[in-house]
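Asks: Dumping the structure here so I can ask a few things about it.
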Amino acid sequence: MASRIEPIQSAPIENSTLIESSEGDDDTDLNTEGIITSLPQKKYYRQRAHVNPLSIQNLLPPVCPSVMKWSEHYPDIGPNCVEFLDIGCGYGGLLISLSTLFADKYILGIEIRIKVMDYVNDRIKSLRLTNANQYLNISVLRTNAMKYLPNYFNKAQLTKLFFLYPDPHFKKSKHKWRIISPSLLAEYAYILQIGGVLYTATDVLEVHEWMKKHITDHSLFTPMTSEELSSDSCIPLLTTSTEEAAKVTRNGGQHYIACFKRIHDPYVKY
Ligand SMILES: C[S@@+](CC[C@H](N)C(=O)[O-])C[C@H]1O[C@@H](n2cnc3c(N)ncnc32)[C@H](O)[C@@H]1O
């Protein structure tokens, strides 16, 4: 079957621009300048739950991180850089929670589904319009995290990397679509600073075991100690802040978390 042509990444967030969401206009509130101020409604941004990440074409990443225009995402970023990354951010709940908790950090969500990314984009625009000088440190972009992370991020740029409730891809033939794998872990280790943290959460025991095994087996990660876990303010957010986390709780499911620190390469003499 021919693959569908997807529009490339939508326009970056501008604090003063009119929101151009194609759907849902009947339910939006406009201020006197015609700017939408209400939060977007998820029902207008529905898309198939699981995509084949290996079949998505027509994404145009930057050729290298230095050509990325981050000021189009974060108006006041200046010489700073993105430090926290939520991979497969879905509807953006974690970004919103992190934004106020870490007001001095720049935080990015990556999402492969275009309508879901549109929703997060509109959600952030709306929050910025209704909360002066807030939510300027979060943004979202559409890309395939399995392919293009080094195009966006320099070596050791990130301090936190989140994988919350990733698509489980149960069938053995689809395990290659899973977002945690030995080869992808090498890329995650590349963009994460020494001491940086990789967080995972899922409600699927098999996926939890899969992620834990592959990350533990990787020489550049070590599990966080119980002291490190109890003093990390992100831990409570893993099971409460995202839309999937809330759904799991609502349905009486189990949350499994596993968190790891990026460590020095044991085979390299420093
Ligand atoms: C089950 S949802 C979880 C969303 C969110 N983290 C949460 O907890 O609510 C997984 C998300 O990852 C996205 N995704 C899957 N593969 C991806 C990839 N290769 N690159 C970027 N996003 C991806 C999916 O489109 C989906 O929105």
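Going through the structure tokens in order, the chains are called A, B, and so on, while each chain numbers its residues from 1 and the ligands are numbered from 1 in the order shown.
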Counting only C-alpha atoms and all ligand atoms, what are the residues of chain A within 6 Å of ligand 1, and for each of them which pair of atoms is the nearest and at what distance in Å, to one decimal? Sort the table by chain and rising number, as CSV.
Replies:
```
residue,atom,partner,partner_atom_place_in_ligand_line,distance
A:Pro53,CA,ligand 1,19 (N),4.8
A:Ile87,CA,ligand 1,21 (C),5.9
A:Gly88,CA,ligand 1,12 (O),3.2
A:Cys89,CA,ligand 1,6 (N),4.2
A:Gly90,CA,ligand 1,4 (C),3.6
A:Ile110,CA,ligand 1,21 (C),5.4
A:Glu111,CA,ligand 1,22 (N),3.9
A:Ile112,CA,ligand 1,22 (N),4.0
A:Arg113,CA,ligand 1,25 (O),4.7
A:Thr143,CA,ligand 1,21 (C),5.8
A:Asn144,CA,ligand 1,20 (N),3.7
A:Ala145,CA,ligand 1,20 (N),3.9
A:Met146,CA,ligand 1,19 (N),4.7
A:Leu164,CA,ligand 1,6 (N),4.3
A:Tyr165,CA,ligand 1,8 (O),4.6
A:Pro166,CA,ligand 1,10 (C),4.4
A:Asp167,CA,ligand 1,1 (C),4.6
A:Thr242,CA,ligand 1,9 (O),4.3
A:Glu243,CA,ligand 1,9 (O),4.1
A:Glu244,CA,ligand 1,9 (O),3.7
A:Ala245,CA,ligand 1,8 (O),5.6
```
Asks: Kindly assemble as a Markdown table a list of the stretch 49-144 of chain A residues that lie within 12 Å of stretch 229-236 of chain A, each paired with its nearest atom pair and their distance in Å to one decimal, using only C-alpha atoms, sorted first by chain and then by ascending residue number.
Replies:
```
| residue | atom | partner | partner_atom | distance |
| --- | --- | --- | --- | --- |
| A:Phe84 | CA | A:Cys234 | CA | 11.3 |
| A:Leu94 | CA | A:Cys234 | CA | 9.6 |
| A:Leu95 | CA | A:Cys234 | CA | 11.4 |
| A:Ser97 | CA | A:Cys234 | CA | 9.5 |
| A:Leu98 | CA | A:Cys234 | CA | 8.1 |
| A:Ser99 | CA | A:Cys234 | CA | 11.7 |
| A:Leu101 | CA | A:Ser233 | CA | 8.6 |
| A:Phe102 | CA | A:Cys234 | CA | 9.9 |
```
Asks: May I have all residues of stretch 77-146 of chain A that DSSP, computed from the backbone, assigns to strand (DSSP E or B), given as a PyMOL selection string?
Replies: chain A and resi 82-87+106-111+138-142
Asks: Write a file of the just-selected residues containing N, CA and C atoms, as a PDB file, in the first residue's frame.
Replies:
```pdb
ATOM      1  N   VAL A  82      17.896  23.184  24.785  1.00  0.00           N
ATOM      2  CA  VAL A  82      16.937  22.207  25.326  1.00  0.00           C
ATOM      3  C   VAL A  82      17.719  21.218  26.185  1.00  0.00           C
ATOM      4  N   GLU A  83      17.181  20.948  27.375  1.00  0.00           N
ATOM      5  CA  GLU A  83      17.860  19.989  28.279  1.00  0.00           C
ATOM      6  C   GLU A  83      17.013  18.758  28.586  1.00  0.00           C
ATOM      7  N   PHE A  84      15.679  18.934  28.557  1.00  0.00           N
ATOM      8  CA  PHE A  84      14.807  17.802  28.889  1.00  0.00           C
ATOM      9  C   PHE A  84      14.066  17.388  27.623  1.00  0.00           C
ATOM     10  N   LEU A  85      13.952  16.093  27.399  1.00  0.00           N
ATOM     11  CA  LEU A  85      13.272  15.607  26.202  1.00  0.00           C
ATOM     12  C   LEU A  85      12.272  14.524  26.580  1.00  0.00           C
ATOM     13  N   ASP A  86      11.018  14.709  26.137  1.00  0.00           N
ATOM     14  CA  ASP A  86       9.970  13.708  26.363  1.00  0.00           C
ATOM     15  C   ASP A  86       9.715  13.021  25.024  1.00  0.00           C
ATOM     16  N   ILE A  87      10.165  11.800  24.914  1.00  0.00           N
ATOM     17  CA  ILE A  87      10.059  11.075  23.636  1.00  0.00           C
ATOM     18  C   ILE A  87       8.718  10.351  23.555  1.00  0.00           C
ATOM     19  N   TYR A 106      14.676  24.354  29.426  1.00  0.00           N
ATOM     20  CA  TYR A 106      13.936  24.271  28.163  1.00  0.00           C
ATOM     21  C   TYR A 106      13.628  22.800  27.884  1.00  0.00           C
ATOM     22  N   ILE A 107      12.356  22.552  27.620  1.00  0.00           N
ATOM     23  CA  ILE A 107      11.828  21.180  27.614  1.00  0.00           C
ATOM     24  C   ILE A 107      11.106  20.941  26.284  1.00  0.00           C
ATOM     25  N   LEU A 108      11.413  19.822  25.663  1.00  0.00           N
ATOM     26  CA  LEU A 108      10.831  19.542  24.347  1.00  0.00           C
ATOM     27  C   LEU A 108      10.115  18.205  24.355  1.00  0.00           C
ATOM     28  N   GLY A 109       8.961  18.160  23.703  1.00  0.00           N
ATOM     29  CA  GLY A 109       8.268  16.900  23.458  1.00  0.00           C
ATOM     30  C   GLY A 109       8.444  16.524  22.002  1.00  0.00           C
ATOM     31  N   ILE A 110       8.668  15.240  21.774  1.00  0.00           N
ATOM     32  CA  ILE A 110       8.761  14.751  20.394  1.00  0.00           C
ATOM     33  C   ILE A 110       7.600  13.808  20.167  1.00  0.00           C
ATOM     34  N   GLU A 111       6.910  14.009  19.060  1.00  0.00           N
ATOM     35  CA  GLU A 111       5.728  13.202  18.783  1.00  0.00           C
ATOM     36  C   GLU A 111       5.681  12.918  17.289  1.00  0.00           C
ATOM     37  N   ILE A 138       8.435  25.380  27.131  1.00  0.00           N
ATOM     38  CA  ILE A 138       8.075  24.061  26.586  1.00  0.00           C
ATOM     39  C   ILE A 138       7.663  24.201  25.127  1.00  0.00           C
ATOM     40  N   SER A 139       7.936  23.157  24.379  1.00  0.00           N
ATOM     41  CA  SER A 139       7.518  23.133  22.979  1.00  0.00           C
ATOM     42  C   SER A 139       7.456  21.681  22.509  1.00  0.00           C
ATOM     43  N   VAL A 140       6.996  21.523  21.286  1.00  0.00           N
ATOM     44  CA  VAL A 140       6.833  20.177  20.728  1.00  0.00           C
ATOM     45  C   VAL A 140       7.269  20.209  19.273  1.00  0.00           C
ATOM     46  N   LEU A 141       7.822  19.125  18.812  1.00  0.00           N
ATOM     47  CA  LEU A 141       8.043  19.026  17.373  1.00  0.00           C
ATOM     48  C   LEU A 141       7.754  17.617  16.897  1.00  0.00           C
ATOM     49  N   ARG A 142       7.446  17.564  15.609  1.00  0.00           N
ATOM     50  CA  ARG A 142       7.103  16.276  15.026  1.00  0.00           C
ATOM     51  C   ARG A 142       8.344  15.687  14.368  1.00  0.00           C
TER      52      ARG A 142
END
```
Asks: Between A:Val207, A:Ala49, A:Met224, A:Leu149, single out the one closest to A:Arg178, counting only C-alpha atoms.
Replies: A:Val207
Asks: With distances taken over only C-alpha atoms, which residue among A:Val268, A:Val116, A:Val204, A:Val67 lies nearest A:Val248?
Replies: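 Looking at the shortest contact to A:Val248, the residue is A:Val204.
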Asks: So which one's closest to A:Leu205, A:Thr222, A:Gln254, A:Ser173, A:Ser183? Using only C-alpha atoms, please.
Replies: A:Gln254
Asks: Please report, as number ranges by chain, each residue of stretch 48-124 of chain A to which DSSP assigns helix (DSSP H, G or I) when run on this structure's backbone.
Replies: A: 65-67, 70-72, 93-101, 114-124
Asks: Keeping only N, CA and C atoms, take the residues you just selected and write them out as a short mmCIF file (atom, residue, chain, number, x, y, z; two decimals), in the first residue's frame.
Replies:
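Just written: again.cif:
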```
data_model
loop_
_atom_site.label_atom_id
_atom_site.label_comp_id
_atom_site.auth_asym_id
_atom_site.auth_seq_id
_atom_site.Cartn_x
_atom_site.Cartn_y
_atom_site.Cartn_z
N PRO A 65 22.46 19.79 14.49
CA PRO A 65 21.80 20.58 15.54
C PRO A 65 22.04 22.09 15.41
N SER A 66 23.20 22.48 14.90
CA SER A 66 23.52 23.92 14.90
C SER A 66 22.61 24.73 13.97
N VAL A 67 21.93 24.09 13.04
CA VAL A 67 21.05 24.87 12.15
C VAL A 67 19.61 24.96 12.69
N TRP A 70 15.98 27.31 17.45
CA TRP A 70 15.21 27.04 18.67
C TRP A 70 14.42 28.26 19.14
N SER A 71 14.86 29.45 18.73
CA SER A 71 14.12 30.66 19.17
C SER A 71 12.70 30.67 18.58
N GLU A 72 12.47 29.91 17.52
CA GLU A 72 11.10 29.83 16.98
C GLU A 72 10.21 28.97 17.87
N GLY A 93 0.97 16.08 28.59
CA GLY A 93 0.77 16.30 30.03
C GLY A 93 2.06 16.48 30.82
N LEU A 94 3.07 15.69 30.48
CA LEU A 94 4.34 15.80 31.22
C LEU A 94 4.99 17.17 30.96
N LEU A 95 4.93 17.63 29.71
CA LEU A 95 5.55 18.92 29.39
C LEU A 95 4.95 20.03 30.25
N ILE A 96 3.63 20.01 30.37
CA ILE A 96 2.94 21.06 31.12
C ILE A 96 3.37 21.02 32.59
N SER A 97 3.46 19.81 33.15
CA SER A 97 3.85 19.69 34.56
C SER A 97 5.30 20.13 34.76
N LEU A 98 6.17 19.71 33.85
CA LEU A 98 7.59 20.06 34.00
C LEU A 98 7.81 21.56 33.84
N SER A 99 6.98 22.20 33.02
CA SER A 99 7.19 23.61 32.69
C SER A 99 7.27 24.48 33.94
N THR A 100 6.36 24.28 34.88
CA THR A 100 6.35 25.13 36.08
C THR A 100 7.33 24.60 37.13
N LEU A 101 7.53 23.29 37.14
CA LEU A 101 8.45 22.70 38.13
C LEU A 101 9.90 23.06 37.80
N ILE A 114 0.99 13.47 13.62
CA ILE A 114 0.86 14.90 13.32
C ILE A 114 -0.29 15.57 14.08
N LYS A 115 -1.44 14.90 14.16
CA LYS A 115 -2.58 15.55 14.82
C LYS A 115 -2.33 15.69 16.31
N VAL A 116 -1.64 14.72 16.87
CA VAL A 116 -1.34 14.76 18.30
C VAL A 116 -0.35 15.89 18.56
N MET A 117 0.63 16.03 17.65
CA MET A 117 1.56 17.15 17.80
C MET A 117 0.83 18.49 17.66
N ASP A 118 -0.13 18.56 16.72
CA ASP A 118 -0.92 19.79 16.55
C ASP A 118 -1.64 20.14 17.85
N TYR A 119 -2.19 19.10 18.47
CA TYR A 119 -2.92 19.33 19.73
C TYR A 119 -1.99 19.94 20.78
N VAL A 120 -0.81 19.35 20.93
CA VAL A 120 0.12 19.83 21.96
C VAL A 120 0.54 21.27 21.62
N ASN A 121 0.80 21.50 20.34
CA ASN A 121 1.18 22.84 19.89
C ASN A 121 0.10 23.86 20.27
N ASP A 122 -1.16 23.52 19.96
CA ASP A 122 -2.26 24.44 20.27
C ASP A 122 -2.47 24.58 21.77
N ARG A 123 -2.23 23.48 22.49
CA ARG A 123 -2.39 23.53 23.95
C ARG A 123 -1.36 24.51 24.56
N ILE A 124 -0.14 24.43 24.08
CA ILE A 124 0.90 25.31 24.62
C ILE A 124 0.62 26.77 24.23
#
```
